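What's in upload06.pdb: PDB, C-alpha atoms, pLDDT in the B column
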ATOM      1  CA  MET A 490     -14.786  14.771  -0.840  1.00 49.00           C
ATOM      2  CA  ILE A 491     -12.375  13.372   1.715  1.00 53.00           C
ATOM      3  CA  SER A 492     -10.854  15.954   4.016  1.00 57.00           C
ATOM      4  CA  SER A 493      -7.239  15.740   5.125  1.00 54.00           C
ATOM      5  CA  GLU A 494      -8.328  14.675   8.629  1.00 58.00           C
ATOM      6  CA  GLU A 495     -10.053  11.538   7.258  1.00 66.00           C
ATOM      7  CA  VAL A 496      -6.955  10.214   5.458  1.00 67.00           C
ATOM      8  CA  PRO A 497      -5.025   7.900   7.786  1.00 73.00           C
ATOM      9  CA  LYS A 498      -1.384   8.937   8.125  1.00 82.00           C
ATOM     10  CA  ASP A 499       1.568   7.148   9.670  1.00 84.00           C
ATOM     11  CA  THR A 500       3.390   8.861  12.504  1.00 91.00           C
ATOM     12  CA  ALA A 501       6.961  10.069  12.106  1.00 92.00           C
ATOM     13  CA  ALA A 502       8.063   7.538  14.736  1.00 95.00           C
ATOM     14  CA  TRP A 503       6.551   4.649  12.768  1.00 89.00           C
ATOM     15  CA  ILE A 504       8.140   5.814   9.505  1.00 91.00           C
ATOM     16  CA  PHE A 505      11.521   6.094  11.248  1.00 95.00           C
ATOM     17  CA  GLN A 506      11.136   2.618  12.751  1.00 95.00           C
ATOM     18  CA  VAL A 507      10.290   1.090   9.370  1.00 92.00           C
ATOM     19  CA  TRP A 508      13.250   2.717   7.605  1.00 93.00           C
ATOM     20  CA  ALA A 509      15.645   1.945  10.475  1.00 96.00           C
ATOM     21  CA  SER A 510      14.522  -1.683  10.546  1.00 95.00           C
ATOM     22  CA  PHE A 511      14.946  -1.989   6.782  1.00 95.00           C
ATOM     23  CA  ALA A 512      18.399  -0.370   6.795  1.00 96.00           C
ATOM     24  CA  LEU A 513      19.585  -2.341   9.814  1.00 97.00           C
ATOM     25  CA  SER A 514      18.399  -5.730   8.588  1.00 95.00           C
ATOM     26  CA  THR A 515      19.764  -5.223   5.077  1.00 96.00           C
ATOM     27  CA  GLY A 516      23.040  -3.754   6.322  1.00 96.00           C
ATOM     28  CA  VAL A 517      23.691  -6.422   8.930  1.00 97.00           C
ATOM     29  CA  THR A 518      22.907  -9.183   6.437  1.00 97.00           C
ATOM     30  CA  ALA A 519      25.232  -7.598   3.844  1.00 97.00           C
ATOM     31  CA  ILE A 520      28.024  -7.290   6.419  1.00 97.00           C
ATOM     32  CA  GLY A 521      27.467 -10.890   7.482  1.00 97.00           C
ATOM     33  CA  ILE A 522      27.742 -12.032   3.861  1.00 97.00           C
ATOM     34  CA  ALA A 523      30.869  -9.920   3.314  1.00 96.00           C
ATOM     35  CA  TYR A 524      32.674 -11.429   6.325  1.00 96.00           C
ATOM     36  CA  LEU A 525      31.501 -15.000   5.762  1.00 96.00           C
ATOM     37  CA  PRO A 526      34.571 -17.284   5.579  1.00 96.00           C
ATOM     38  CA  VAL A 527      33.778 -18.735   2.139  1.00 97.00           C
ATOM     39  CA  ASP A 528      34.959 -18.204  -1.433  1.00 97.00           C
ATOM     40  CA  ALA A 529      34.150 -14.939  -3.176  1.00 96.00           C
ATOM     41  CA  TRP A 530      31.731 -16.576  -5.617  1.00 97.00           C
ATOM     42  CA  ILE A 531      29.628 -17.891  -2.724  1.00 97.00           C
ATOM     43  CA  ARG A 532      29.529 -14.421  -1.129  1.00 97.00           C
ATOM     44  CA  ALA A 533      28.542 -12.960  -4.512  1.00 97.00           C
ATOM     45  CA  PHE A 534      25.762 -15.529  -4.856  1.00 97.00           C
ATOM     46  CA  LEU A 535      24.443 -14.771  -1.360  1.00 97.00           C
ATOM     47  CA  GLY A 536      24.671 -11.011  -2.020  1.00 96.00           C
ATOM     48  CA  MET A 537      22.736 -11.443  -5.244  1.00 97.00           C
ATOM     49  CA  GLY A 538      20.099 -13.424  -3.340  1.00 97.00           C
ATOM     50  CA  LEU A 539      19.847 -10.625  -0.783  1.00 97.00           C
ATOM     51  CA  LEU A 540      19.362  -8.015  -3.514  1.00 96.00           C
ATOM     52  CA  PHE A 541      16.692 -10.081  -5.272  1.00 97.00           C
ATOM     53  CA  SER A 542      14.884 -10.704  -1.977  1.00 95.00           C
ATOM     54  CA  VAL A 543      14.839  -6.995  -1.116  1.00 95.00           C
ATOM     55  CA  GLY A 544      13.700  -6.049  -4.628  1.00 95.00           C
ATOM     56  CA  SER A 545      10.906  -8.608  -4.705  1.00 95.00           C
ATOM     57  CA  SER A 546       9.754  -7.565  -1.205  1.00 94.00           C
ATOM     58  CA  LEU A 547       9.479  -3.944  -2.334  1.00 93.00           C
ATOM     59  CA  SER A 548       7.585  -4.990  -5.470  1.00 94.00           C
ATOM     60  CA  LEU A 549       5.202  -7.122  -3.416  1.00 93.00           C
ATOM     61  CA  ALA A 550       4.537  -4.267  -0.978  1.00 92.00           C
ATOM     62  CA  LYS A 551       3.818  -1.863  -3.844  1.00 93.00           C
ATOM     63  CA  THR A 552       1.507  -4.349  -5.557  1.00 93.00           C
ATOM     64  CA  LEU A 553      -0.453  -5.010  -2.366  1.00 91.00           C
ATOM     65  CA  ARG A 554      -0.782  -1.267  -1.720  1.00 90.00           C
ATOM     66  CA  ASP A 555      -1.937  -0.585  -5.288  1.00 88.00           C
ATOM     67  CA  ASN A 556      -4.554  -3.367  -5.111  1.00 88.00           C
ATOM     68  CA  HIS A 557      -5.815  -2.072  -1.768  1.00 86.00           C
ATOM     69  CA  GLU A 558      -6.128   1.489  -3.070  1.00 86.00           C
ATOM     70  CA  SER A 559      -7.868   0.236  -6.208  1.00 84.00           C
ATOM     71  CA  ARG A 560     -10.467  -1.632  -4.127  1.00 81.00           C
ATOM     72  CA  ARG A 561     -11.034   1.450  -1.969  1.00 81.00           C
ATOM     73  CA  LEU A 562     -11.588   3.602  -5.070  1.00 76.00           C
ATOM     74  CA  ARG A 563     -13.984   1.053  -6.599  1.00 76.00           C
ATOM     75  CA  ASN A 564     -15.968   0.914  -3.345  1.00 79.00           C
ATOM     76  CA  ARG A 565     -16.204   4.703  -3.195  1.00 79.00           C
ATOM     77  CA  LEU A 566     -17.389   4.824  -6.814  1.00 78.00           C
ATOM     78  CA  SER A 567     -20.018   2.140  -6.130  1.00 81.00           C
ATOM     79  CA  GLU A 568     -21.242   4.037  -3.078  1.00 82.00           C
ATOM     80  CA  ALA A 569     -21.464   7.268  -5.080  1.00 81.00           C
ATOM     81  CA  LYS A 570     -23.454   5.521  -7.839  1.00 82.00           C
ATOM     82  CA  ALA A 571     -25.825   3.998  -5.283  1.00 82.00           C
ATOM     83  CA  GLU A 572     -26.353   7.389  -3.620  1.00 84.00           C
ATOM     84  CA  LYS A 573     -27.094   8.973  -7.009  1.00 84.00           C
ATOM     85  CA  ILE A 574     -29.647   6.271  -7.853  1.00 84.00           C
ATOM     86  CA  ILE A 575     -31.343   6.728  -4.468  1.00 84.00           C
ATOM     87  CA  ARG A 576     -31.312  10.519  -4.833  1.00 83.00           C
ATOM     88  CA  ASP A 577     -32.766  10.310  -8.363  1.00 83.00           C
ATOM     89  CA  PHE A 578     -35.460   7.907  -7.146  1.00 80.00           C
ATOM     90  CA  GLU A 579     -36.370  10.191  -4.244  1.00 80.00           C
ATOM     91  CA  LEU A 580     -36.535  13.220  -6.541  1.00 78.00           C
ATOM     92  CA  ALA A 581     -38.709  11.352  -9.055  1.00 77.00           C
ATOM     93  CA  ASP A 582     -40.941  10.092  -6.255  1.00 70.00           C
ATOM     94  CA  GLY A 583     -41.258  13.645  -4.897  1.00 67.00           C
ATOM     95  CA  THR A 584     -42.263  15.058  -8.285  1.00 68.00           C
ATOM     96  CA  ARG A 585     -44.913  12.309  -8.704  1.00 64.00           C
ATOM     97  CA  ALA A 586     -46.324  13.118  -5.259  1.00 61.00           C
ATOM     98  CA  ALA A 587     -46.444  16.837  -6.081  1.00 61.00           C
ATOM     99  CA  ALA A 588     -48.171  16.178  -9.427  1.00 60.00           C
ATOM    100  CA  ALA A 589     -50.869  14.026  -7.800  1.00 59.00           C
TER     101      ALA A 589
END
Would you encode the structure as C-alpha cells?
Amino acid sequence: MISSEEVPKDTAAWIFQVWASFALSTGVTAIGIAYLPVDAWIRAFLGMGLLFSVGSSLSLAKTLRDNHESRRLRNRLSEAKAEKIIRDFELADGTRAAAA
C-alpha cells in the first residue's frame, strides 16, 4: 500500500502560480479582445476562439493525466502479479525441498 509520504504533491506556491498564470493570461487576453478596435462580431468570434482554446486545453490536460494514472495503475498491477507468481514459486519450491 502506498503511504501518504510516497504520493508526490504539488506545493502551495506552485498551485498558486498555476492558477494565477491561468487567470492572468485568460483575463488579459479577454480584456485585449474587448478593447480591440474592430466590429463587435469580430470581438465575439475572437472571444469564442478564446473560450474554445481554454476548454480544449483543460480537456487535453485531463486526458493526459488520466492516461498517465492508468499506466501507473497497470504497472502496479503487473508488479503485484509478478510478485505473487514469484512468491508462489518460492513457496512451492520450499515445500518440494522439505518433502525430499
Give me, as a compact mmCIF listing (two decimals) with C-alpha atoms, keeping the file's coordinate frame, all polymer residues having an atom no more than 10 Å from stretch 539-544 of chain A, counting all atoms listed in the file and skipping those fewer than 6 positions away in the same chain.
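File produced: around_6.txt:
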# COMPACT_ATOMS: atom_id res chain seq x y z
CA PHE A 511 14.95 -1.99 6.78
CA THR A 515 19.76 -5.22 5.08
CA THR A 518 22.91 -9.18 6.44
CA ALA A 519 25.23 -7.60 3.84
CA ILE A 522 27.74 -12.03 3.86
CA ALA A 533 28.54 -12.96 -4.51
Q: Find the distance between atom CA of A:Asp577 and atom CA of A:Leu562 and write it in Å to one decimal.
A: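 One can read the atom CA of A:Asp577 to atom CA of A:Leu562 distance as 22.5 Å.
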Q. Atom CA of A:Lys551 and atom CA of A:Val507 are how many Å apart?
A.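 Spanning atom CA of A:Lys551 to atom CA of A:Val507 is a straight-line distance of 15.0 Å.
Interatomic distance, atom CA of A:Ser567 against atom CA of A:Leu549: 27.0 Å.
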Enclose stretch 575-581 of chain A, meaning all of its atoms listed in the file, in a box aligned along x, y and z, pad it by 6 Å on each side, and list the centre and edge lengths in Å to one decimal, as AutoDock Vina command-line options.
--center_x -35.0 --center_y 10.0 --center_z -6.6 --size_x 19.4 --size_y 18.5 --size_z 16.8
Q.
Can you tell me which residues surround A:Ala523 at a distance of at most 12 Å, considering all atoms listed in the file, apart from same-chain residues fewer than 6 positions away, and format the answer as a PyMOL selection string?
A. chain A and resi 516-517+529-537+539
